[in-house]
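All remarks here apply to the structure that follows.
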Amino acid sequence: MNIRSFWEEKVKRRGYELFLLFQGKPYTYDEFDGLVNRVARALSRLGVRKEDRVGGFMPNCFEWLVLYFAVAKLGAANVFVNTQYDSELLEHALTVSDVKTVLVGSSLWPTYEKIRHKLNLAGAEVLVDDGEGGSDVKDSGTVPYEELLSGSSDPPADPGIRGKTPLQFIFTSGTTGLPKPCITSHRYLLSMTEHIAGLVKPTLEDRVLACLPNYHGNVYIGIFTALMGDAAAVVERRFSVSRYWEWVRRYGATILMLHITPMNMLLKQPAGPEDQDHPARAGIFLVGEGALPFVKRFGLQTGLAMYGSTEAGGFCTMSAFGPQSRPDPRWAGKPRDDAEVTILDENDEPVPPGTLGEIVIRDRIPHTLFSGYYNLAEKTAKACRNFWFHSGDMGYMDQAGSLYFVGRVEESIRVKGEFIPVDRLESCIRSHPDVLECAAVGVPSDIGEEDLKLYIQLHQKASLRPEDIAKHCEENLPKFMVPRYIEFVDGFPMASSAMKIQKVKLKERGIGKAWDRRAVRQEK
């Protein structure tokens, strides 16, 4: 099975029924498929072939979703890039993926324009009016998106897509490196969402709300979970704390596509009598300390305890729980039947149940996990040594075969769903003439995952305020890489070789008395 055959079977069977509400506008299967076919045929005329990479740098506009299905129909791979990336990171992402054609949102054109001459694309550049400004771009040499809609709505030629064919590159980072293009296949997405649907049981009466960014996998998981049960998908441009429950009520959303950060942001809002005045019955990806309180407070019947990563098939363990159950917050459910999960010690030897070690995963059916990092054979081999994907996470398994997630092994930092390229951040800080040395670590966040803390050692006689460092970051880094906390130190704890800062010891200090950028901004 592949996305094209799965989707076209749905269109044939359900044509005039509702497939999607995009910002409240309804689309039937036939309507949406006609647009997908037009764009797919146009991309084919522009030279896009099976297993080519098609870049996308745009917000969650309707054109993005049409593009996703169109590229999948051609057997090519979607490469959606973080819309917060600056030109340097954007260049890296598009170059390392060998994209052939790029579709750029008008609001993001200024960032793309800085690096377009460096890409040497073999295909076309397509400009999309994404509805967020910049639509007056002139003489850019691009193809207007509207031209892609001018041809036939008949399906494009079938290139012979298999389950292992790459579907999407999703960028992921390790401890400190630049984002790596993680190859996910057609089978990867279909298998994962089939298992999720088996737990939340979507039906014709359900609507699945997804409003997370297109450069993550979450929004597609929500859409395809809906498709698995013939439910309708509901998509908004972006997550909004203030409007979320309004959307749930307005659209009649019954299944909520969330992850830990938006879940905790919603939990932090003042409780009120309207908390359960909505039709939602199930939440996808409810994990951590807030999972059970979320299910209880908002009156859900079902939540999912899950563990995974982009590499680990999205989510390789999953189990349902209800408001009356009391799962350990570390409980992440049981492995899928097409994935094997175990715990190994530092010598890659299995450990008994209840023993802490590294979580490792491998697929029972090929390509249900990721298919490697594109053009990064050494990094793929390092992550997948001894036939297991080594997650870098700590956990243990109980006698019944359930996984318990304890924490991250590596020094990676994940802020609001984004991995921080630490090398680049620290290099930027060191470029300040008054900075001698620096180190970035993750500290606990009040909305889940982590916040970014920066330790700085100044040159002798230098005098800087935290505000000066924050301004330097804001002027030279993407918004998501600007640290929340800043602390000046006289020196760093060093490893015995005196060559590497012991970040574990810095991390143990926590927030401490660090300057808090968010608190300062709130005071203003």
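Simple scheme: letters A, B, ... for chains in structure tokens order, numbers from 1 for residues in each chain, numbers from 1 for ligands in the order shown.
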
Considering only C-alpha atoms, give me a table of residues in region 27-101 of chain A that are at most 12 Å from region 140-159 of chain A, with the closest atom pair and distance in Å for each, as a tab-separated table.
residue	atom	partner	partner_atom	distance
A:Asp30	CA	A:Ser153	CA	10.1
A:Glu31	CA	A:Ser153	CA	9.8
A:Phe32	CA	A:Ser153	CA	10.3
A:Asp33	CA	A:Ser153	CA	8.1
A:Gly34	CA	A:Ser153	CA	4.9
A:Leu35	CA	A:Ser153	CA	6.8
A:Val36	CA	A:Ser153	CA	7.9
A:Asn37	CA	A:Ser153	CA	5.1
A:Arg38	CA	A:Ser153	CA	4.9
A:Val39	CA	A:Leu148	CA	5.1
A:Ala40	CA	A:Pro156	CA	6.5
A:Arg41	CA	A:Pro156	CA	5.4
A:Ala42	CA	A:Leu148	CA	5.1
A:Leu43	CA	A:Leu148	CA	7.4
A:Ser44	CA	A:Pro156	CA	8.0
A:Arg45	CA	A:Leu148	CA	9.6
A:Leu46	CA	A:Leu148	CA	9.6
A:Val48	CA	A:Pro159	CA	11.3
A:Arg49	CA	A:Pro159	CA	8.2
A:Lys50	CA	A:Pro159	CA	6.5
A:Glu51	CA	A:Pro159	CA	9.9
A:Phe62	CA	A:Tyr145	CA	11.8
A:Glu63	CA	A:Tyr145	CA	8.4
A:Trp64	CA	A:Tyr145	CA	10.8
A:Val66	CA	A:Leu149	CA	10.8
A:Leu67	CA	A:Tyr145	CA	10.3
A:Phe69	CA	A:Pro155	CA	11.8
A:Ala70	CA	A:Pro156	CA	9.3
A:Val71	CA	A:Pro156	CA	10.8
A:Ala72	CA	A:Pro159	CA	10.7
A:Lys73	CA	A:Asp158	CA	7.6
A:Leu74	CA	A:Pro159	CA	6.5
A:Gly75	CA	A:Pro159	CA	6.6
A:Ala76	CA	A:Pro159	CA	9.6
A:Thr101	CA	A:Thr142	CA	10.9

Using only C-alpha atoms, what does the table of region 272-363 of chain A residues within 8 Å of region 393-404 of chain A look like, with each row giving the shortest atom pair and its distance in Å to one decimal, sorted by chain and ascending number, as CSV?
residue,atom,partner,partner_atom,distance
A:Thr317,CA,A:Leu403,CA,7.4
A:Arg330,CA,A:Tyr404,CA,5.0
A:Trp331,CA,A:Tyr404,CA,4.4
A:Ala332,CA,A:Leu403,CA,5.4
A:Gly333,CA,A:Ser402,CA,5.2
A:Lys334,CA,A:Ser402,CA,4.5
A:Pro335,CA,A:Ser402,CA,7.3
A:Thr342,CA,A:Met397,CA,7.4
A:Ile343,CA,A:Tyr396,CA,6.3
A:Pro353,CA,A:Asp398,CA,5.0
A:Gly354,CA,A:Asp398,CA,5.4
A:Thr355,CA,A:Tyr396,CA,5.6
A:Leu356,CA,A:Tyr396,CA,4.8
A:Gly357,CA,A:Met394,CA,5.4
A:Glu358,CA,A:Met394,CA,4.6
A:Ile359,CA,A:Asp393,CA,5.6

Residues just named, written with N, CA and C atoms as a CSV table (one decimal), in the first residue's frame:
chain,number,residue,atom,x,y,z
A,317,THR,N,5.6,3.1,20.3
A,317,THR,CA,4.7,2.5,21.4
A,317,THR,C,3.5,3.3,21.5
A,330,ARG,N,5.4,8.3,33.3
A,330,ARG,CA,6.5,7.8,32.5
A,330,ARG,C,6.0,6.7,31.5
A,331,TRP,N,4.8,6.2,31.8
A,331,TRP,CA,4.3,5.1,31.0
A,331,TRP,C,4.0,5.5,29.6
A,332,ALA,N,4.6,4.8,28.6
A,332,ALA,CA,4.4,5.2,27.2
A,332,ALA,C,3.8,4.1,26.4
A,333,GLY,N,3.1,3.2,27.0
A,333,GLY,CA,2.3,2.1,26.3
A,333,GLY,C,3.2,1.0,25.8
A,334,LYS,N,2.6,0.1,25.0
A,334,LYS,CA,3.3,-1.0,24.5
A,334,LYS,C,3.7,-0.9,23.0
A,335,PRO,N,4.7,-1.6,22.6
A,335,PRO,CA,5.2,-1.5,21.2
A,335,PRO,C,4.1,-1.9,20.2
A,342,THR,N,13.3,-2.5,22.9
A,342,THR,CA,13.9,-3.1,24.0
A,342,THR,C,14.8,-2.1,24.7
A,343,ILE,N,15.5,-2.5,25.8
A,343,ILE,CA,16.4,-1.7,26.6
A,343,ILE,C,17.7,-2.4,26.6
A,353,PRO,N,13.7,-6.8,32.8
A,353,PRO,CA,12.6,-5.8,33.0
A,353,PRO,C,12.8,-5.0,34.3
A,354,GLY,N,12.4,-3.8,34.2
A,354,GLY,CA,12.6,-2.9,35.4
A,354,GLY,C,14.0,-2.2,35.5
A,355,THR,N,14.9,-2.6,34.6
A,355,THR,CA,16.3,-2.0,34.6
A,355,THR,C,16.4,-0.9,33.7
A,356,LEU,N,17.0,0.2,34.1
A,356,LEU,CA,17.1,1.4,33.3
A,356,LEU,C,18.2,1.2,32.3
A,357,GLY,N,18.0,1.7,31.1
A,357,GLY,CA,19.0,1.6,30.0
A,357,GLY,C,18.5,2.5,28.8
A,358,GLU,N,19.2,2.3,27.7
A,358,GLU,CA,18.9,3.1,26.5
A,358,GLU,C,17.7,2.4,25.7
A,359,ILE,N,16.8,3.2,25.3
A,359,ILE,CA,15.7,2.7,24.5
A,359,ILE,C,16.2,2.5,23.0

Within 10 Å of region 197-209 of chain A: each region 18-56 of chain A residue with its shortest pair, only C-alpha atoms, as CSV:
residue,atom,partner,partner_atom,distance
A:Leu18,CA,A:Leu204,CA,9.7
A:Phe19,CA,A:Arg207,CA,9.6
A:Leu20,CA,A:Arg207,CA,9.0
A:Leu21,CA,A:Arg207,CA,9.2

Expected file contents, prior selection, C-alpha atoms, as a compact mmCIF listing (two decimals), in the first residue's frame:
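What follows is the written file result_8.txt:
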# COMPACT_ATOMS: atom_id res chain seq x y z
CA LEU A 18 -16.63 15.69 3.17
CA PHE A 19 -12.88 15.13 3.38
CA LEU A 20 -11.56 18.40 4.80
CA LEU A 21 -12.43 21.63 6.54

List every residue of region 319-415 of chain A that has an atom at most 10 Å from any atom of region 86-98 of chain A, giving for each one its closest atom pair and the distance in Å to one decimal, counting only C-alpha atoms, sorted by chain and then by ascending residue number, as a tab-separated table.
residue	atom	partner	partner_atom	distance
A:Tyr373	CA	A:Ser97	CA	9.7
A:Tyr374	CA	A:Ser97	CA	6.8
A:Asn375	CA	A:Val96	CA	7.6
A:Leu376	CA	A:Val96	CA	9.1

Just the strand (DSSP E) stuff from region 137-261 of chain A, please, per backbone DSSP, written as an mmCIF file with N, CA and C atoms, in the first residue's frame.
data_model
loop_
_atom_site.group_PDB
_atom_site.id
_atom_site.type_symbol
_atom_site.label_atom_id
_atom_site.label_comp_id
_atom_site.auth_asym_id
_atom_site.auth_seq_id
_atom_site.Cartn_x
_atom_site.Cartn_y
_atom_site.Cartn_z
ATOM 1 N N VAL A 143 7.440 30.609 -11.245
ATOM 2 C CA VAL A 143 6.164 30.196 -11.819
ATOM 3 C C VAL A 143 5.071 30.501 -10.801
ATOM 4 N N PRO A 144 4.048 31.282 -11.140
ATOM 5 C CA PRO A 144 2.943 31.513 -10.197
ATOM 6 C C PRO A 144 2.204 30.208 -9.928
ATOM 7 N N PRO A 166 10.248 6.889 -0.637
ATOM 8 C CA PRO A 166 10.269 8.055 0.258
ATOM 9 C C PRO A 166 9.048 8.951 0.030
ATOM 10 N N LEU A 167 8.436 9.377 1.115
ATOM 11 C CA LEU A 167 7.261 10.244 1.083
ATOM 12 C C LEU A 167 7.606 11.660 1.519
ATOM 13 N N GLN A 168 8.417 11.774 2.585
ATOM 14 C CA GLN A 168 8.725 13.088 3.141
ATOM 15 C C GLN A 168 10.073 13.049 3.842
ATOM 16 N N PHE A 169 10.805 14.149 3.745
ATOM 17 C CA PHE A 169 11.991 14.355 4.570
ATOM 18 C C PHE A 169 11.574 15.266 5.728
ATOM 19 N N ILE A 170 11.796 14.811 6.942
ATOM 20 C CA ILE A 170 11.504 15.617 8.130
ATOM 21 C C ILE A 170 12.831 15.888 8.819
ATOM 22 N N PHE A 171 13.106 17.154 9.099
ATOM 23 C CA PHE A 171 14.412 17.509 9.648
ATOM 24 C C PHE A 171 14.454 17.269 11.146
ATOM 25 N N THR A 172 15.532 16.606 11.557
ATOM 26 C CA THR A 172 15.709 16.282 12.960
ATOM 27 C C THR A 172 17.166 16.519 13.317
ATOM 28 N N LYS A 180 19.170 17.242 10.211
ATOM 29 C CA LYS A 180 19.420 16.148 9.272
ATOM 30 C C LYS A 180 18.104 15.757 8.596
ATOM 31 N N PRO A 181 18.117 15.538 7.267
ATOM 32 C CA PRO A 181 16.895 15.120 6.582
ATOM 33 C C PRO A 181 16.603 13.642 6.839
ATOM 34 N N CYS A 182 15.570 13.399 7.594
ATOM 35 C CA CYS A 182 15.172 12.055 7.995
ATOM 36 C C CYS A 182 14.157 11.530 6.976
ATOM 37 N N ILE A 183 14.466 10.431 6.318
ATOM 38 C CA ILE A 183 13.614 9.905 5.250
ATOM 39 C C ILE A 183 12.477 9.080 5.852
ATOM 40 N N THR A 184 11.244 9.485 5.552
ATOM 41 C CA THR A 184 10.087 8.700 5.964
ATOM 42 C C THR A 184 9.355 8.219 4.721
ATOM 43 N N SER A 185 8.852 6.992 4.768
ATOM 44 C CA SER A 185 8.274 6.343 3.601
ATOM 45 C C SER A 185 6.750 6.385 3.621
ATOM 46 N N ARG A 207 -14.543 14.130 13.607
ATOM 47 C CA ARG A 207 -13.705 15.125 12.939
ATOM 48 C C ARG A 207 -12.418 15.267 13.738
ATOM 49 N N VAL A 208 -11.286 15.188 13.045
ATOM 50 C CA VAL A 208 -9.971 15.217 13.689
ATOM 51 C C VAL A 208 -9.342 16.589 13.453
ATOM 52 N N LEU A 209 -9.073 17.314 14.543
ATOM 53 C CA LEU A 209 -8.507 18.666 14.458
ATOM 54 C C LEU A 209 -6.987 18.607 14.502
ATOM 55 N N ALA A 210 -6.329 19.204 13.488
ATOM 56 C CA ALA A 210 -4.871 19.275 13.429
ATOM 57 C C ALA A 210 -4.475 20.697 13.051
ATOM 58 N N ALA A 232 -13.668 13.151 8.945
ATOM 59 C CA ALA A 232 -13.227 14.362 8.249
ATOM 60 C C ALA A 232 -12.056 14.976 8.998
ATOM 61 N N ALA A 233 -11.126 15.556 8.238
ATOM 62 C CA ALA A 233 -9.986 16.260 8.830
ATOM 63 C C ALA A 233 -10.317 17.741 8.932
ATOM 64 N N VAL A 234 -9.881 18.353 10.030
ATOM 65 C CA VAL A 234 -10.056 19.789 10.249
ATOM 66 C C VAL A 234 -8.676 20.391 10.444
ATOM 67 N N VAL A 235 -8.307 21.367 9.597
ATOM 68 C CA VAL A 235 -6.964 21.939 9.644
ATOM 69 C C VAL A 235 -7.053 23.452 9.774
ATOM 70 N N ILE A 255 -11.779 14.436 17.857
ATOM 71 C CA ILE A 255 -10.457 13.855 18.136
ATOM 72 C C ILE A 255 -9.423 14.961 17.959
ATOM 73 N N LEU A 256 -8.570 15.128 18.960
ATOM 74 C CA LEU A 256 -7.644 16.260 19.001
ATOM 75 C C LEU A 256 -6.217 15.779 18.755
ATOM 76 N N MET A 257 -5.576 16.376 17.748
ATOM 77 C CA MET A 257 -4.178 16.057 17.419
ATOM 78 C C MET A 257 -3.281 17.029 18.184
#

I'd like the interatomic distance between CA of Tyr220 (chain A) and CA of Ala124 (chain A), to a tenth of an Å.
25.3 Å

Residues flagged helix (DSSP H, G or I) by DSSP in region 303-458 of chain A, as a PDB file with all heavy atoms, in the first residue's frame:
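Result saved to out-v6.pdb:
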ATOM      1  N   ALA A 377      25.382   8.749   5.291  1.00  0.00           N
ATOM      2  CA  ALA A 377      25.536   7.330   5.598  1.00  0.00           C
ATOM      3  C   ALA A 377      26.197   7.099   6.955  1.00  0.00           C
ATOM      4  O   ALA A 377      25.801   6.201   7.704  1.00  0.00           O
ATOM      5  CB  ALA A 377      26.349   6.641   4.496  1.00  0.00           C
ATOM      6  N   GLU A 378      27.210   7.914   7.284  1.00  0.00           N
ATOM      7  CA  GLU A 378      27.909   7.712   8.554  1.00  0.00           C
ATOM      8  C   GLU A 378      26.988   7.991   9.739  1.00  0.00           C
ATOM      9  O   GLU A 378      26.998   7.255  10.727  1.00  0.00           O
ATOM     10  CB  GLU A 378      29.146   8.611   8.620  1.00  0.00           C
ATOM     11  CG  GLU A 378      30.270   8.176   7.675  1.00  0.00           C
ATOM     12  CD  GLU A 378      31.521   9.012   7.865  1.00  0.00           C
ATOM     13  OE1 GLU A 378      31.556   9.818   8.821  1.00  0.00           O
ATOM     14  OE2 GLU A 378      32.449   8.860   7.068  1.00  0.00           O
ATOM     15  N   LYS A 379      26.192   9.052   9.644  1.00  0.00           N
ATOM     16  CA  LYS A 379      25.273   9.367  10.734  1.00  0.00           C
ATOM     17  C   LYS A 379      24.178   8.316  10.843  1.00  0.00           C
ATOM     18  O   LYS A 379      23.740   7.967  11.943  1.00  0.00           O
ATOM     19  CB  LYS A 379      24.679  10.767  10.536  1.00  0.00           C
ATOM     20  CG  LYS A 379      25.691  11.889  10.703  1.00  0.00           C
ATOM     21  CD  LYS A 379      25.045  13.258  10.619  1.00  0.00           C
ATOM     22  CE  LYS A 379      26.085  14.371  10.757  1.00  0.00           C
ATOM     23  NZ  LYS A 379      26.728  14.387  12.078  1.00  0.00           N
ATOM     24  N   THR A 380      23.732   7.780   9.708  1.00  0.00           N
ATOM     25  CA  THR A 380      22.737   6.718   9.735  1.00  0.00           C
ATOM     26  C   THR A 380      23.307   5.471  10.402  1.00  0.00           C
ATOM     27  O   THR A 380      22.660   4.852  11.250  1.00  0.00           O
ATOM     28  CB  THR A 380      22.275   6.371   8.304  1.00  0.00           C
ATOM     29  OG1 THR A 380      21.712   7.540   7.696  1.00  0.00           O
ATOM     30  CG2 THR A 380      21.231   5.274   8.326  1.00  0.00           C
ATOM     31  N   ALA A 381      24.531   5.108  10.017  1.00  0.00           N
ATOM     32  CA  ALA A 381      25.165   3.920  10.591  1.00  0.00           C
ATOM     33  C   ALA A 381      25.392   4.084  12.092  1.00  0.00           C
ATOM     34  O   ALA A 381      25.218   3.128  12.866  1.00  0.00           O
ATOM     35  CB  ALA A 381      26.488   3.646   9.876  1.00  0.00           C
ATOM     36  N   LYS A 382      25.755   5.280  12.510  1.00  0.00           N
ATOM     37  CA  LYS A 382      25.981   5.517  13.938  1.00  0.00           C
ATOM     38  C   LYS A 382      24.687   5.392  14.729  1.00  0.00           C
ATOM     39  O   LYS A 382      24.661   4.819  15.819  1.00  0.00           O
ATOM     40  CB  LYS A 382      26.582   6.910  14.142  1.00  0.00           C
ATOM     41  CG  LYS A 382      26.884   7.239  15.598  1.00  0.00           C
ATOM     42  CD  LYS A 382      27.512   8.618  15.729  1.00  0.00           C
ATOM     43  CE  LYS A 382      27.795   8.934  17.205  1.00  0.00           C
ATOM     44  NZ  LYS A 382      28.396  10.295  17.353  1.00  0.00           N
ATOM     45  N   ALA A 383      23.583   5.909  14.162  1.00  0.00           N
ATOM     46  CA  ALA A 383      22.296   5.852  14.860  1.00  0.00           C
ATOM     47  C   ALA A 383      21.716   4.452  14.857  1.00  0.00           C
ATOM     48  O   ALA A 383      20.977   4.076  15.777  1.00  0.00           O
ATOM     49  CB  ALA A 383      21.312   6.828  14.215  1.00  0.00           C
ATOM     50  N   ARG A 385      23.338   1.347  14.734  1.00  0.00           N
ATOM     51  CA  ARG A 385      24.364   0.330  14.910  1.00  0.00           C
ATOM     52  C   ARG A 385      23.788  -0.949  15.525  1.00  0.00           C
ATOM     53  O   ARG A 385      22.809  -0.927  16.258  1.00  0.00           O
ATOM     54  CB  ARG A 385      25.508   0.868  15.790  1.00  0.00           C
ATOM     55  CG  ARG A 385      25.097   1.306  17.172  1.00  0.00           C
ATOM     56  CD  ARG A 385      26.224   2.051  17.875  1.00  0.00           C
ATOM     57  NE  ARG A 385      25.867   2.447  19.228  1.00  0.00           N
ATOM     58  CZ  ARG A 385      25.221   3.545  19.536  1.00  0.00           C
ATOM     59  NH1 ARG A 385      24.838   4.376  18.576  1.00  0.00           N
ATOM     60  NH2 ARG A 385      24.945   3.826  20.803  1.00  0.00           N
ATOM     61  N   ASN A 386      24.432  -2.057  15.179  1.00  0.00           N
ATOM     62  CA  ASN A 386      24.041  -3.382  15.672  1.00  0.00           C
ATOM     63  C   ASN A 386      22.580  -3.700  15.393  1.00  0.00           C
ATOM     64  O   ASN A 386      21.900  -4.349  16.199  1.00  0.00           O
ATOM     65  CB  ASN A 386      24.346  -3.515  17.175  1.00  0.00           C
ATOM     66  CG  ASN A 386      25.821  -3.402  17.481  1.00  0.00           C
ATOM     67  OD1 ASN A 386      26.665  -3.729  16.635  1.00  0.00           O
ATOM     68  ND2 ASN A 386      26.151  -2.915  18.660  1.00  0.00           N
ATOM     69  N   PHE A 387      22.090  -3.205  14.269  1.00  0.00           N
ATOM     70  CA  PHE A 387      20.741  -3.508  13.775  1.00  0.00           C
ATOM     71  C   PHE A 387      19.621  -2.867  14.605  1.00  0.00           C
ATOM     72  O   PHE A 387      18.452  -3.203  14.430  1.00  0.00           O
ATOM     73  CB  PHE A 387      20.510  -5.030  13.689  1.00  0.00           C
ATOM     74  CG  PHE A 387      21.514  -5.733  12.843  1.00  0.00           C
ATOM     75  CD1 PHE A 387      22.539  -6.474  13.428  1.00  0.00           C
ATOM     76  CD2 PHE A 387      21.472  -5.646  11.462  1.00  0.00           C
ATOM     77  CE1 PHE A 387      23.480  -7.120  12.644  1.00  0.00           C
ATOM     78  CE2 PHE A 387      22.412  -6.289  10.677  1.00  0.00           C
ATOM     79  CZ  PHE A 387      23.430  -7.027  11.261  1.00  0.00           C
ATOM     80  N   VAL A 422      22.804  23.454  18.446  1.00  0.00           N
ATOM     81  CA  VAL A 422      23.577  24.078  19.518  1.00  0.00           C
ATOM     82  C   VAL A 422      24.897  24.649  19.006  1.00  0.00           C
ATOM     83  O   VAL A 422      25.317  25.723  19.438  1.00  0.00           O
ATOM     84  CB  VAL A 422      23.812  23.070  20.662  1.00  0.00           C
ATOM     85  CG1 VAL A 422      24.680  23.691  21.750  1.00  0.00           C
ATOM     86  CG2 VAL A 422      22.479  22.631  21.253  1.00  0.00           C
ATOM     87  N   ASP A 423      25.562  23.944  18.113  1.00  0.00           N
ATOM     88  CA  ASP A 423      26.842  24.447  17.592  1.00  0.00           C
ATOM     89  C   ASP A 423      26.669  25.834  16.980  1.00  0.00           C
ATOM     90  O   ASP A 423      27.487  26.734  17.179  1.00  0.00           O
ATOM     91  CB  ASP A 423      27.400  23.493  16.542  1.00  0.00           C
ATOM     92  CG  ASP A 423      28.043  22.269  17.160  1.00  0.00           C
ATOM     93  OD1 ASP A 423      28.310  22.276  18.379  1.00  0.00           O
ATOM     94  OD2 ASP A 423      28.290  21.314  16.413  1.00  0.00           O
ATOM     95  N   ARG A 424      25.609  25.988  16.206  1.00  0.00           N
ATOM     96  CA  ARG A 424      25.385  27.274  15.548  1.00  0.00           C
ATOM     97  C   ARG A 424      25.049  28.366  16.553  1.00  0.00           C
ATOM     98  O   ARG A 424      25.522  29.497  16.464  1.00  0.00           O
ATOM     99  CB  ARG A 424      24.256  27.150  14.526  1.00  0.00           C
ATOM    100  CG  ARG A 424      23.922  28.480  13.902  1.00  0.00           C
ATOM    101  CD  ARG A 424      23.461  28.340  12.469  1.00  0.00           C
ATOM    102  NE  ARG A 424      23.287  29.677  11.923  1.00  0.00           N
ATOM    103  CZ  ARG A 424      22.123  30.312  11.856  1.00  0.00           C
ATOM    104  NH1 ARG A 424      21.039  29.733  12.292  1.00  0.00           N
ATOM    105  NH2 ARG A 424      22.037  31.527  11.364  1.00  0.00           N
ATOM    106  N   LEU A 425      24.231  28.032  17.530  1.00  0.00           N
ATOM    107  CA  LEU A 425      23.879  29.001  18.571  1.00  0.00           C
ATOM    108  C   LEU A 425      25.122  29.465  19.307  1.00  0.00           C
ATOM    109  O   LEU A 425      25.362  30.676  19.471  1.00  0.00           O
ATOM    110  CB  LEU A 425      22.881  28.377  19.543  1.00  0.00           C
ATOM    111  CG  LEU A 425      22.628  29.129  20.851  1.00  0.00           C
ATOM    112  CD1 LEU A 425      22.046  30.503  20.582  1.00  0.00           C
ATOM    113  CD2 LEU A 425      21.722  28.322  21.760  1.00  0.00           C
ATOM    114  N   GLU A 426      25.926  28.516  19.774  1.00  0.00           N
ATOM    115  CA  GLU A 426      27.111  28.881  20.547  1.00  0.00           C
ATOM    116  C   GLU A 426      28.120  29.647  19.692  1.00  0.00           C
ATOM    117  O   GLU A 426      28.793  30.555  20.187  1.00  0.00           O
ATOM    118  CB  GLU A 426      27.729  27.625  21.153  1.00  0.00           C
ATOM    119  CG  GLU A 426      26.834  26.986  22.222  1.00  0.00           C
ATOM    120  CD  GLU A 426      27.415  25.701  22.778  1.00  0.00           C
ATOM    121  OE1 GLU A 426      28.394  25.189  22.193  1.00  0.00           O
ATOM    122  OE2 GLU A 426      26.887  25.199  23.801  1.00  0.00           O
ATOM    123  N   SER A 427      28.214  29.287  18.418  1.00  0.00           N
ATOM    124  CA  SER A 427      29.108  30.019  17.528  1.00  0.00           C
ATOM    125  C   SER A 427      28.675  31.471  17.393  1.00  0.00           C
ATOM    126  O   SER A 427      29.512  32.388  17.371  1.00  0.00           O
ATOM    127  CB  SER A 427      29.134  29.347  16.149  1.00  0.00           C
ATOM    128  OG  SER A 427      29.914  30.084  15.247  1.00  0.00           O
ATOM    129  N   CYS A 428      27.388  31.692  17.307  1.00  0.00           N
ATOM    130  CA  CYS A 428      26.867  33.062  17.228  1.00  0.00           C
ATOM    131  C   CYS A 428      27.220  33.852  18.481  1.00  0.00           C
ATOM    132  O   CYS A 428      27.649  35.014  18.405  1.00  0.00           O
ATOM    133  CB  CYS A 428      25.356  33.031  17.023  1.00  0.00           C
ATOM    134  SG  CYS A 428      24.569  34.653  17.086  1.00  0.00           S
ATOM    135  N   ILE A 429      27.069  33.233  19.649  1.00  0.00           N
ATOM    136  CA  ILE A 429      27.373  33.925  20.909  1.00  0.00           C
ATOM    137  C   ILE A 429      28.866  34.240  20.994  1.00  0.00           C
ATOM    138  O   ILE A 429      29.267  35.336  21.389  1.00  0.00           O
ATOM    139  CB  ILE A 429      26.941  33.076  22.122  1.00  0.00           C
ATOM    140  CG1 ILE A 429      25.445  32.748  22.034  1.00  0.00           C
ATOM    141  CG2 ILE A 429      27.259  33.793  23.423  1.00  0.00           C
ATOM    142  CD1 ILE A 429      24.549  33.953  21.953  1.00  0.00           C
ATOM    143  N   ARG A 430      29.670  33.283  20.608  1.00  0.00           N
ATOM    144  CA  ARG A 430      31.126  33.497  20.676  1.00  0.00           C
ATOM    145  C   ARG A 430      31.589  34.589  19.721  1.00  0.00           C
ATOM    146  O   ARG A 430      32.673  35.148  19.902  1.00  0.00           O
ATOM    147  CB  ARG A 430      31.863  32.188  20.370  1.00  0.00           C
ATOM    148  CG  ARG A 430      31.682  31.101  21.427  1.00  0.00           C
ATOM    149  CD  ARG A 430      32.610  29.928  21.160  1.00  0.00           C
ATOM    150  NE  ARG A 430      32.295  28.797  22.019  1.00  0.00           N
ATOM    151  CZ  ARG A 430      31.634  27.729  21.627  1.00  0.00           C
ATOM    152  NH1 ARG A 430      31.241  27.621  20.368  1.00  0.00           N
ATOM    153  NH2 ARG A 430      31.381  26.738  22.470  1.00  0.00           N
TER     154      ARG A 430
END

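Going from CA of Gly55 (chain A) over to CA of Val128 (chain A), you cover 12.6 Å.
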
CA of Ser309 (chain A) and CA of Ala439 (chain A), how far apart in Å?
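Separating CA of Ala439 (chain A) from CA of Ser309 (chain A) is a distance of 25.5 Å.
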
As a list in words, please: the residues near region 508-523 of chain A (cut-off 6 Å, only C-alpha atoms, same-chain neighbours under 2 positions excluded).
Val443, Arg484, Tyr485, Ile486, Glu487, Lys505 and Leu506 of chain A

Please determine, counting only C-alpha atoms, which residue among A:Lys268, A:His259, A:Arg14, A:Arg362 has the shortest atom-to-atom distance to Val241 (chain A).
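So, comparing all the options, the nearest one is A:Lys268.
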
Would you mind telling me which residue in A:Trp388, A:Thr193, A:Arg414, A:Met58 lies nearest to Pro444 (chain A) when using only C-alpha atoms?
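For Pro444 (chain A), the nearest of the candidates is A:Arg414.
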